[in-house]
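As provided, final-v5.pdb (PDB, C-alpha atoms) reads as follows.
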```
ATOM      1  CA  MET A   1     -83.078 -30.107  28.916
ATOM      2  CA  ARG A   2     -82.865 -27.043  31.133
ATOM      3  CA  LYS A   3     -82.011 -23.710  29.493
ATOM      4  CA  GLU A   4     -78.685 -23.410  31.367
ATOM      5  CA  GLN A   5     -77.639 -26.884  30.221
ATOM      6  CA  ALA A   6     -78.576 -26.080  26.628
ATOM      7  CA  VAL A   7     -76.497 -22.894  26.709
ATOM      8  CA  ARG A   8     -73.495 -24.767  28.134
ATOM      9  CA  GLN A   9     -73.839 -27.507  25.519
ATOM     10  CA  GLU A  10     -73.998 -24.984  22.671
ATOM     11  CA  GLY A  11     -70.925 -23.208  24.016
ATOM     12  CA  SER A  12     -69.103 -26.522  24.295
ATOM     13  CA  THR A  13     -70.030 -27.444  20.702
ATOM     14  CA  ARG A  14     -68.744 -24.121  19.390
ATOM     15  CA  GLN A  15     -65.505 -24.569  21.300
ATOM     16  CA  THR A  16     -65.166 -28.008  19.717
ATOM     17  CA  VAL A  17     -65.739 -26.474  16.276
ATOM     18  CA  LEU A  18     -62.941 -23.974  16.948
ATOM     19  CA  THR A  19     -60.649 -26.766  18.144
ATOM     20  CA  LEU A  20     -61.355 -28.846  15.029
ATOM     21  CA  LEU A  21     -60.564 -25.885  12.782
ATOM     22  CA  LYS A  22     -57.392 -25.227  14.783
ATOM     23  CA  THR A  23     -56.169 -28.814  14.348
ATOM     24  CA  ASN A  24     -57.428 -29.467  10.823
ATOM     25  CA  GLY A  25     -57.231 -26.078   9.152
ATOM     26  CA  GLN A  26     -60.097 -25.413   6.761
ATOM     27  CA  MET A  27     -63.209 -27.587   7.034
ATOM     28  CA  ASN A  28     -66.693 -27.422   5.551
ATOM     29  CA  ALA A  29     -70.022 -27.906   7.322
ATOM     30  CA  GLY A  30     -70.345 -31.518   6.201
ATOM     31  CA  GLU A  31     -66.921 -32.461   7.549
ATOM     32  CA  LEU A  32     -67.648 -30.747  10.852
ATOM     33  CA  ALA A  33     -71.057 -32.461  11.139
ATOM     34  CA  LYS A  34     -69.413 -35.857  10.664
ATOM     35  CA  GLN A  35     -66.789 -35.127  13.323
ATOM     36  CA  LEU A  36     -69.341 -33.750  15.794
ATOM     37  CA  GLN A  37     -71.970 -36.401  14.982
ATOM     38  CA  ILE A  38     -74.736 -33.829  14.682
ATOM     39  CA  THR A  39     -76.787 -32.641  11.731
ATOM     40  CA  GLU A  40     -75.325 -30.327   9.135
ATOM     41  CA  MET A  41     -78.145 -27.878   9.855
ATOM     42  CA  ALA A  42     -77.078 -27.726  13.517
ATOM     43  CA  VAL A  43     -73.470 -27.183  12.470
ATOM     44  CA  ARG A  44     -74.462 -24.317  10.210
ATOM     45  CA  ARG A  45     -76.251 -22.645  13.119
ATOM     46  CA  HIS A  46     -73.049 -22.795  15.183
ATOM     47  CA  LEU A  47     -70.980 -21.619  12.225
ATOM     48  CA  GLY A  48     -73.295 -18.650  11.759
ATOM     49  CA  THR A  49     -72.813 -17.617  15.397
ATOM     50  CA  LEU A  50     -69.038 -18.015  15.226
ATOM     51  CA  GLU A  51     -68.864 -16.027  11.990
ATOM     52  CA  ARG A  52     -71.020 -13.268  13.484
ATOM     53  CA  ASP A  53     -68.658 -13.127  16.467
ATOM     54  CA  GLY A  54     -65.683 -12.714  14.121
ATOM     55  CA  LEU A  55     -64.078 -16.026  15.116
ATOM     56  CA  ILE A  56     -64.282 -17.829  11.764
ATOM     57  CA  ALA A  57     -64.317 -16.770   8.124
ATOM     58  CA  PRO A  58     -65.660 -18.635   5.080
ATOM     59  CA  THR A  59     -63.820 -19.134   1.806
ATOM     60  CA  ILE A  60     -65.482 -20.378  -1.392
ATOM     61  CA  VAL A  61     -63.511 -23.283  -2.846
ATOM     62  CA  ARG A  62     -64.311 -24.435  -6.373
ATOM     63  CA  GLN A  63     -64.136 -28.154  -7.016
ATOM     64  CA  ALA A  64     -63.364 -30.142 -10.156
ATOM     65  CA  MET A  65     -66.886 -31.541 -10.078
ATOM     66  CA  GLY A  66     -70.010 -30.318  -8.350
ATOM     67  CA  ARG A  67     -70.889 -27.052  -6.716
ATOM     68  CA  PRO A  68     -68.367 -24.819  -4.925
ATOM     69  CA  THR A  69     -68.167 -25.404  -1.187
ATOM     70  CA  HIS A  70     -67.736 -23.032   1.716
ATOM     71  CA  MET A  71     -64.636 -23.848   3.750
ATOM     72  CA  PHE A  72     -64.283 -22.304   7.206
ATOM     73  CA  SER A  73     -61.094 -21.296   8.996
ATOM     74  CA  LEU A  74     -60.149 -19.407  12.157
ATOM     75  CA  THR A  75     -59.632 -15.658  12.167
ATOM     76  CA  GLU A  76     -56.789 -13.889  13.978
ATOM     77  CA  GLN A  77     -59.281 -13.020  16.717
ATOM     78  CA  ALA A  78     -60.014 -16.717  17.272
ATOM     79  CA  GLU A  79     -56.312 -17.527  17.519
ATOM     80  CA  LEU A  80     -56.190 -15.365  20.651
ATOM     81  CA  LEU A  81     -58.506 -17.853  22.382
ATOM     82  CA  PHE A  82     -55.823 -20.539  22.356
ATOM     83  CA  PRO A  83     -53.012 -20.607  24.945
ATOM     84  CA  LYS A  84     -49.901 -18.603  24.135
ATOM     85  CA  ASN A  85     -46.596 -18.654  26.010
ATOM     86  CA  TYR A  86     -44.990 -15.531  24.559
ATOM     87  CA  HIS A  87     -44.213 -14.245  28.064
ATOM     88  CA  VAL A  88     -42.203 -17.410  28.795
ATOM     89  CA  LEU A  89     -40.110 -16.883  25.669
ATOM     90  CA  ALA A  90     -39.600 -13.189  26.499
ATOM     91  CA  MET A  91     -38.538 -13.982  30.057
ATOM     92  CA  ASP A  92     -36.162 -16.724  28.918
ATOM     93  CA  LEU A  93     -34.477 -14.379  26.435
ATOM     94  CA  LEU A  94     -34.183 -11.514  28.939
ATOM     95  CA  GLU A  95     -32.805 -13.828  31.628
ATOM     96  CA  GLU A  96     -30.247 -15.158  29.143
ATOM     97  CA  LEU A  97     -29.045 -11.603  28.549
ATOM     98  CA  GLU A  98     -29.113 -10.772  32.250
ATOM     99  CA  GLU A  99     -26.971 -13.758  33.259
ATOM    100  CA  ASP A 100     -24.093 -12.751  30.992
ATOM    101  CA  PRO A 101     -22.206  -9.643  32.206
ATOM    102  CA  GLU A 102     -21.297  -8.812  28.606
ATOM    103  CA  THR A 103     -24.952  -8.617  27.501
ATOM    104  CA  ALA A 104     -26.742  -7.472  30.688
ATOM    105  CA  MET A 105     -26.597  -3.820  29.630
ATOM    106  CA  MET A 106     -28.478  -4.702  26.439
ATOM    107  CA  ILE A 107     -31.701  -5.084  28.445
ATOM    108  CA  ASP A 108     -31.931  -1.315  28.943
ATOM    109  CA  ARG A 109     -31.285  -0.794  25.229
ATOM    110  CA  LEU A 110     -34.028  -3.272  24.290
ATOM    111  CA  PHE A 111     -36.662  -1.477  26.376
ATOM    112  CA  GLU A 112     -35.491   1.918  25.156
ATOM    113  CA  GLY A 113     -35.722   0.663  21.581
ATOM    114  CA  ARG A 114     -39.254  -0.586  22.218
ATOM    115  CA  LYS A 115     -40.248   2.826  23.585
ATOM    116  CA  ARG A 116     -38.760   4.519  20.513
ATOM    117  CA  LYS A 117     -40.703   2.248  18.144
ATOM    118  CA  LEU A 118     -43.962   2.887  20.003
ATOM    119  CA  MET A 119     -43.310   6.624  19.897
ATOM    120  CA  GLU A 120     -42.750   6.474  16.146
ATOM    121  CA  ARG A 121     -45.887   4.378  15.726
ATOM    122  CA  TYR A 122     -48.239   6.632  17.682
ATOM    123  CA  ALA A 123     -46.821  10.171  17.551
ATOM    124  CA  HIS A 124     -48.865  11.081  14.459
ATOM    125  CA  ARG A 125     -52.091  10.289  16.339
ATOM    126  CA  MET A 126     -51.366  13.141  18.745
ATOM    127  CA  GLU A 127     -50.774  15.828  16.133
ATOM    128  CA  GLY A 128     -53.065  18.865  16.334
ATOM    129  CA  LYS A 129     -54.867  17.618  19.461
ATOM    130  CA  SER A 130     -55.473  19.355  22.776
ATOM    131  CA  LEU A 131     -54.110  17.688  25.916
ATOM    132  CA  GLU A 132     -57.510  16.199  26.805
ATOM    133  CA  GLU A 133     -57.850  14.838  23.270
ATOM    134  CA  LYS A 134     -54.353  13.353  23.509
ATOM    135  CA  VAL A 135     -55.265  11.599  26.746
ATOM    136  CA  THR A 136     -58.385  10.166  25.104
ATOM    137  CA  GLU A 137     -56.268   8.989  22.168
ATOM    138  CA  LEU A 138     -53.694   7.457  24.505
ATOM    139  CA  ALA A 139     -56.464   5.600  26.328
ATOM    140  CA  ALA A 140     -57.666   4.184  22.993
ATOM    141  CA  ILE A 141     -54.119   3.107  22.089
ATOM    142  CA  GLN A 142     -53.642   1.347  25.422
ATOM    143  CA  ASN A 143     -57.089  -0.268  25.287
ATOM    144  CA  ASP A 144     -56.219  -1.719  21.887
ATOM    145  CA  GLY A 145     -53.170  -3.214  23.586
ATOM    146  CA  GLY A 146     -55.279  -4.879  26.278
ATOM    147  CA  TYR A 147     -54.565  -2.526  29.191
ATOM    148  CA  MET A 148     -58.232  -2.002  30.194
ATOM    149  CA  VAL A 149     -57.965   1.786  30.525
ATOM    150  CA  GLN A 150     -60.298   4.253  32.193
ATOM    151  CA  VAL A 151     -59.777   8.015  32.355
ATOM    152  CA  GLU A 152     -60.932   9.837  35.474
ATOM    153  CA  ASN A 153     -61.514  13.578  35.481
ATOM    154  CA  GLY A 154     -61.514  14.551  39.118
ATOM    155  CA  ALA A 155     -60.432  17.329  41.464
ATOM    156  CA  GLU A 156     -56.767  16.673  40.694
ATOM    157  CA  GLY A 157     -57.307  16.751  36.936
ATOM    158  CA  LEU A 158     -57.065  13.854  34.520
ATOM    159  CA  VAL A 159     -55.881  10.485  35.802
ATOM    160  CA  LEU A 160     -55.399   7.519  33.503
ATOM    161  CA  HIS A 161     -55.943   4.106  35.115
ATOM    162  CA  GLU A 162     -54.771   0.793  33.630
ATOM    163  CA  TYR A 163     -56.475  -2.213  35.226
ATOM    164  CA  ASN A 164     -54.580  -4.865  33.262
ATOM    165  CA  CYS A 165     -50.946  -5.281  32.239
ATOM    166  CA  PRO A 166     -50.429  -7.616  29.247
ATOM    167  CA  ILE A 167     -46.683  -7.679  29.970
ATOM    168  CA  ALA A 168     -47.015  -8.182  33.731
ATOM    169  CA  HIS A 169     -44.691 -11.211  33.780
ATOM    170  CA  VAL A 170     -41.920  -9.059  32.324
ATOM    171  CA  ALA A 171     -42.720  -5.850  34.211
ATOM    172  CA  ASN A 172     -42.757  -7.613  37.584
ATOM    173  CA  ARG A 173     -39.072  -8.438  37.166
ATOM    174  CA  TYR A 174     -37.788  -5.748  34.826
ATOM    175  CA  GLN A 175     -38.691  -2.250  35.988
ATOM    176  CA  GLN A 176     -37.371  -0.908  32.699
ATOM    177  CA  ALA A 177     -40.754  -1.832  31.205
ATOM    178  CA  CYS A 178     -42.584   0.497  33.608
ATOM    179  CA  GLN A 179     -39.993   3.252  33.257
ATOM    180  CA  CYS A 180     -40.242   3.202  29.470
ATOM    181  CA  GLU A 181     -44.048   3.290  29.579
ATOM    182  CA  LEU A 182     -43.948   6.381  31.789
ATOM    183  CA  ALA A 183     -41.410   8.065  29.489
ATOM    184  CA  LEU A 184     -43.554   7.173  26.459
ATOM    185  CA  PHE A 185     -46.645   8.742  28.016
ATOM    186  CA  ARG A 186     -44.725  11.947  28.784
ATOM    187  CA  GLN A 187     -43.464  12.193  25.209
ATOM    188  CA  LEU A 188     -46.795  11.411  23.574
ATOM    189  CA  LEU A 189     -48.742  13.839  25.763
ATOM    190  CA  GLY A 190     -46.039  16.519  25.837
ATOM    191  CA  THR A 191     -46.490  17.169  29.547
ATOM    192  CA  GLU A 192     -45.398  15.872  32.945
ATOM    193  CA  VAL A 193     -46.959  12.560  33.939
ATOM    194  CA  GLU A 194     -46.669  11.059  37.431
ATOM    195  CA  ARG A 195     -47.256   7.381  38.179
ATOM    196  CA  THR A 196     -49.112   7.160  41.491
ATOM    197  CA  GLU A 197     -49.815   3.411  41.579
ATOM    198  CA  CYS A 198     -48.224   0.435  39.828
ATOM    199  CA  LEU A 199     -49.416  -3.146  39.307
ATOM    200  CA  ALA A 200     -45.826  -4.404  39.168
ATOM    201  CA  LYS A 201     -45.235  -2.982  42.670
ATOM    202  CA  GLY A 202     -48.288  -4.562  44.250
ATOM    203  CA  GLY A 203     -50.895  -1.969  43.322
ATOM    204  CA  GLY A 204     -54.398  -2.775  42.164
ATOM    205  CA  LYS A 205     -53.837  -0.851  38.950
ATOM    206  CA  CYS A 206     -51.377   1.464  37.203
ATOM    207  CA  SER A 207     -52.433   5.099  37.640
ATOM    208  CA  TYR A 208     -50.982   8.155  35.941
ATOM    209  CA  ARG A 209     -51.716  11.725  37.033
ATOM    210  CA  ILE A 210     -51.414  14.089  34.065
ATOM    211  CA  ALA A 211     -50.148  17.626  34.674
ATOM    212  CA  GLY A 212     -51.884  20.576  33.100
ATOM    213  CA  ALA A 213     -55.076  18.708  32.378
TER     214      ALA A 213
END
```

Encoded form using structure tokens:
Amino acid sequence: MRKEQAVRQEGSTRQTVLTLLKTNGQMNAGELAKQLQITEMAVRRHLGTLERDGLIAPTIVRQAMGRPTHMFSLTEQAELLFPKNYHVLAMDLLEELEEDPETAMMIDRLFEGRKRKLMERYAHRMEGKSLEEKVTELAAIQNDGGYMVQVENGAEGLVLHEYNCPIAHVANRYQQACQCELALFRQLLGTEVERTECLAKGGGKCSYRIAGA
């Protein structure tokens, strides 16, 4: 077997292990070996890799008779590998509000409330920091949220670039999302911030020029 084929097969086996744990909950190496029709030793090698990658976690389960067994289950990180349709639910709910004249104005309030919660959540991380340190902290916050951030320090000062938008499906239709993000950045950094490019408006990224930096 060629090396490339072996790598693909191992990846496929590990994906199958994750799928089995997703559908069955906790399983031990013996149960997985039976399902996969491979040796228990081979299963343990795959389990070791998945555990090292933070995708599964073992739990020792004591039995009425015999030795305790290690049961394996998915971690929160592994759950992210499976399809999610949160954006569909969010869009459906927002559209439901938008279609009713009596509730349409609530959309602005929802985004403003989200901005307020994020401000409360992150304001303490900016305390006692210089502007450059705040920008670095903001980049870390946004990276944790999946925005793929880079900070550029060029002739025009600091510019924060976001190459991914986890809420793109919402932001493409509801500009309130972009407006609230800009307002949040201004409040967290305590300075003027200008958006010079926007993914939701056809840009290749979201870029923010930071005044005074």

Any idea what's packed within 9 Å of segment 184-187 of chain A, counting all atoms listed in the file, ignoring anything in its chain fewer than 6 positions away? Could you give it as a list in words?
Lys115, Arg116, Leu118, Met119, Ala123, Leu138, Val193, Glu194 and Ile210 of chain A

I need the residues from that last selection saved to file as a CSV table (one decimal), keeping the file's coordinate frame (with C-alpha atoms), if you can.
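As written to disk, selection_37.csv reads:
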```
chain,number,residue,atom,x,y,z
A,115,LYS,CA,-40.2,2.8,23.6
A,116,ARG,CA,-38.8,4.5,20.5
A,118,LEU,CA,-44.0,2.9,20.0
A,119,MET,CA,-43.3,6.6,19.9
A,123,ALA,CA,-46.8,10.2,17.6
A,138,LEU,CA,-53.7,7.5,24.5
A,193,VAL,CA,-47.0,12.6,33.9
A,194,GLU,CA,-46.7,11.1,37.4
A,210,ILE,CA,-51.4,14.1,34.1
```

With only C-alpha atoms as the counted atoms, please give the residues lying no more than 7 Å from Phe72 of chain A, apart from itself and same-chain residues fewer than 3 positions off, as a list of chain:residue names.
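Those residues are A:Gln26, A:Met27, A:Asn28, A:Ile56, A:Ala57, A:Pro58, A:Thr59.
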
Which is closer to Asn143 of chain A than all the others in A:Gln176, A:Ser12, A:Thr75, A:Asn164, using only C-alpha atoms?
A:Asn164

Residues picked by the PyMOL selection byres ((chain A and resi 148) around 12) here, as an MDAnalysis selection string?
chainID A and resid 138:147 149:151 160:166 205:207

Can you spit out the residues from that selection as a compact mmCIF listing (two decimals), in the coordinates of the input, using C-alpha atoms?
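Below is the file that was written, part32.txt:
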```txt
# COMPACT_ATOMS: atom_id res chain seq x y z
CA LEU A 138 -53.69 7.46 24.50
CA ALA A 139 -56.46 5.60 26.33
CA ALA A 140 -57.67 4.18 22.99
CA ILE A 141 -54.12 3.11 22.09
CA GLN A 142 -53.64 1.35 25.42
CA ASN A 143 -57.09 -0.27 25.29
CA ASP A 144 -56.22 -1.72 21.89
CA GLY A 145 -53.17 -3.21 23.59
CA GLY A 146 -55.28 -4.88 26.28
CA TYR A 147 -54.56 -2.53 29.19
CA VAL A 149 -57.96 1.79 30.52
CA GLN A 150 -60.30 4.25 32.19
CA VAL A 151 -59.78 8.02 32.35
CA LEU A 160 -55.40 7.52 33.50
CA HIS A 161 -55.94 4.11 35.12
CA GLU A 162 -54.77 0.79 33.63
CA TYR A 163 -56.48 -2.21 35.23
CA ASN A 164 -54.58 -4.86 33.26
CA CYS A 165 -50.95 -5.28 32.24
CA PRO A 166 -50.43 -7.62 29.25
CA LYS A 205 -53.84 -0.85 38.95
CA CYS A 206 -51.38 1.46 37.20
CA SER A 207 -52.43 5.10 37.64
```

Go through the shown structure with the PyMOL selection byres ((chain A and resi 77) around 12) and write out the matching residues as a list in words.
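What the PyMOL selection byres ((chain A and resi 77) around 12) grabs from the file is Leu18, Leu50, Glu51, Asp53, Gly54, Leu55, Ile56, Ala57, Ser73, Leu74, Thr75, Glu76, Ala78, Glu79, Leu80, Leu81 and Phe82 of chain A.
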